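Student: I'd like to ask some things about the structure below.
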Amino acid sequence: HAGTLLAVIWYYRVDLKEILQALPVLIRSPQKAWSEDGPGRLALLIGFASIPTAAIGLLFKDQFEGLAESIPAVGGALLVTAVLLALTLRAWPERAQIGLGLAVVIGFAQGLAITPGISRSGATIAVALIAGIAAERAARFSFLVSLPAILGALMLKIFDGGMAQVDVGAAVVGFLVSLVSGYLALAWLVKLVQSQRFFWFAPYCALVGLWALLMNSRFAG
């Protein structure tokens with residue numbers, strides 16, 4: 001979580017700097033910040049989107065993560081991801097900016113992505129693209145809205161005692177690997193979204209999901 005968090009922060013450091021600079025205006029006049037299509041509005045949208053994500057994560061975390069033990073559930077979730085990605089192939093009516101309702105829907109999709117087999121970035125970017133948001137803006141919002149979620153998951157892990165028995169050396173190596181690989185994967189994914197090739201992942205998710213379902217039915221039979 002920490003490595004991925006820093007990778008996103010570094011990649012979108014300019015946007016985050018602008019958001020921090022806009023906070024005084026946002027605090028003094030939230031209505032003004034909302035009316036302008038700038039960093040203040042973006043900060044508000046991230047806040048609104050984080051509400052359903054936090055609610056789902058706190059209330060249903062164990063239930064959703066427990067689905068990892070069910071092969072049919074994971075296979076079905078992969079098929080859901082495949083459908084969402086495939087829908088981005090269609091040219092949807094364009095929308096100039098993300099509104100409150102769409103931000104909440106994206107946050108809801110991010111919350112559901114704790115389900116094993118549903119891609120967080122896949123779900124959030126696909127929802128934004130289907131809603132008509134431009135590729136670059138969709139990718140940017142998806143990863144910026146992930147920051148509160150990743151930070152929250154990291155804090156929960158720490159407070160739950162998940163770090164108590166961690167080997168320091170292994171943790172440092174894991175952190176560095178996740179930082180570098182996370183940044184490279186993020187940069188590559190953003191380019192795929194901008195080049196309208198985000199659907200490339202759909203066949204993979206569909207094949208793996210179908211394979212899981214078929215193997216489960218075979219062994220169950």
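Going through the structure tokens in order, the chains are called A, B, and so on, while each chain numbers its residues from 1 and the ligands are numbered from 1 in the order shown.
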Show me, as an mmCIF file with N, CA, C and O atoms, in the first residue's frame, the residues that have an atom within 6 Å of region 84-101 of chain A when counting only C-alpha atoms, minus same-chain residues fewer than 4 positions from it.

Tutor:
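So the final result, stored in around-v9.cif, reads:
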```cif
data_model
loop_
_atom_site.group_PDB
_atom_site.id
_atom_site.type_symbol
_atom_site.label_atom_id
_atom_site.label_comp_id
_atom_site.auth_asym_id
_atom_site.auth_seq_id
_atom_site.Cartn_x
_atom_site.Cartn_y
_atom_site.Cartn_z
ATOM 1 N N ALA A 126 -13.345 2.746 -16.238
ATOM 2 C CA ALA A 126 -14.403 2.326 -17.171
ATOM 3 C C ALA A 126 -15.693 3.095 -16.912
ATOM 4 O O ALA A 126 -16.351 3.551 -17.849
ATOM 5 N N ILE A 130 -17.405 5.420 -19.689
ATOM 6 C CA ILE A 130 -18.779 5.126 -20.122
ATOM 7 C C ILE A 130 -19.677 6.346 -19.904
ATOM 8 O O ILE A 130 -20.616 6.596 -20.665
ATOM 9 N N GLY A 132 -18.792 9.281 -20.382
ATOM 10 C CA GLY A 132 -18.449 10.296 -21.367
ATOM 11 C C GLY A 132 -17.312 11.218 -20.984
ATOM 12 O O GLY A 132 -17.089 12.245 -21.635
ATOM 13 N N ILE A 133 -16.576 10.869 -19.927
ATOM 14 C CA ILE A 133 -15.444 11.691 -19.497
ATOM 15 C C ILE A 133 -14.247 11.407 -20.389
ATOM 16 O O ILE A 133 -13.985 10.252 -20.745
ATOM 17 N N PHE A 199 -9.535 -1.393 -23.453
ATOM 18 C CA PHE A 199 -10.288 -2.650 -23.568
ATOM 19 C C PHE A 199 -9.370 -3.858 -23.761
ATOM 20 O O PHE A 199 -9.849 -4.996 -23.745
ATOM 21 N N ALA A 202 -9.881 -6.681 -21.424
ATOM 22 C CA ALA A 202 -11.170 -7.387 -21.373
ATOM 23 C C ALA A 202 -11.063 -8.859 -21.759
ATOM 24 O O ALA A 202 -11.580 -9.726 -21.041
#
```

Student: Between CA of Leu192 (chain A) and CA of Ala135 (chain A), what distance in Å does the model show, to one decimal?

Tutor: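 Those two atoms sit 9.4 Å apart.
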
Student: Can you list, as a PyMOL selection string, every residue of region 81-220 of chain A that DSSP puts in alpha helix (DSSP H)?

Tutor: chain A and resi 81-87+100-112+120-130+135-159+168-194+201-220

Student: Enumerate, in order of chain and increasing residue number, the residues of region 17-97 of chain A with an atom no farther than 6 Å from region 204-207 of chain A, each with its shortest atom pair and distance in Å to one decimal, counting only C-alpha atoms, as a tab-separated table.

Tutor:
```
residue	atom	partner	partner_atom	distance
A:Leu78	CA	A:Cys205	CA	5.3
A:Leu79	CA	A:Ala206	CA	5.1
A:Ala82	CA	A:Cys205	CA	5.2
```

Student: Using only N, CA, C and O atoms, please write the residues we just selected to a file, as a short mmCIF file (atom, residue, chain, number, x, y, z; two decimals), in the first residue's frame.

Tutor:
```cif
data_model
loop_
_atom_site.label_atom_id
_atom_site.label_comp_id
_atom_site.auth_asym_id
_atom_site.auth_seq_id
_atom_site.Cartn_x
_atom_site.Cartn_y
_atom_site.Cartn_z
N LEU A 78 -14.36 -11.44 -12.32
CA LEU A 78 -13.50 -11.19 -13.48
C LEU A 78 -14.33 -10.94 -14.73
O LEU A 78 -13.97 -10.09 -15.57
N LEU A 79 -15.45 -11.64 -14.86
CA LEU A 79 -16.34 -11.41 -16.01
C LEU A 79 -16.98 -10.03 -15.93
O LEU A 79 -17.18 -9.37 -16.95
N ALA A 82 -14.43 -7.69 -17.13
CA ALA A 82 -14.31 -7.80 -18.59
C ALA A 82 -15.42 -7.03 -19.29
O ALA A 82 -15.18 -6.34 -20.30
#
```
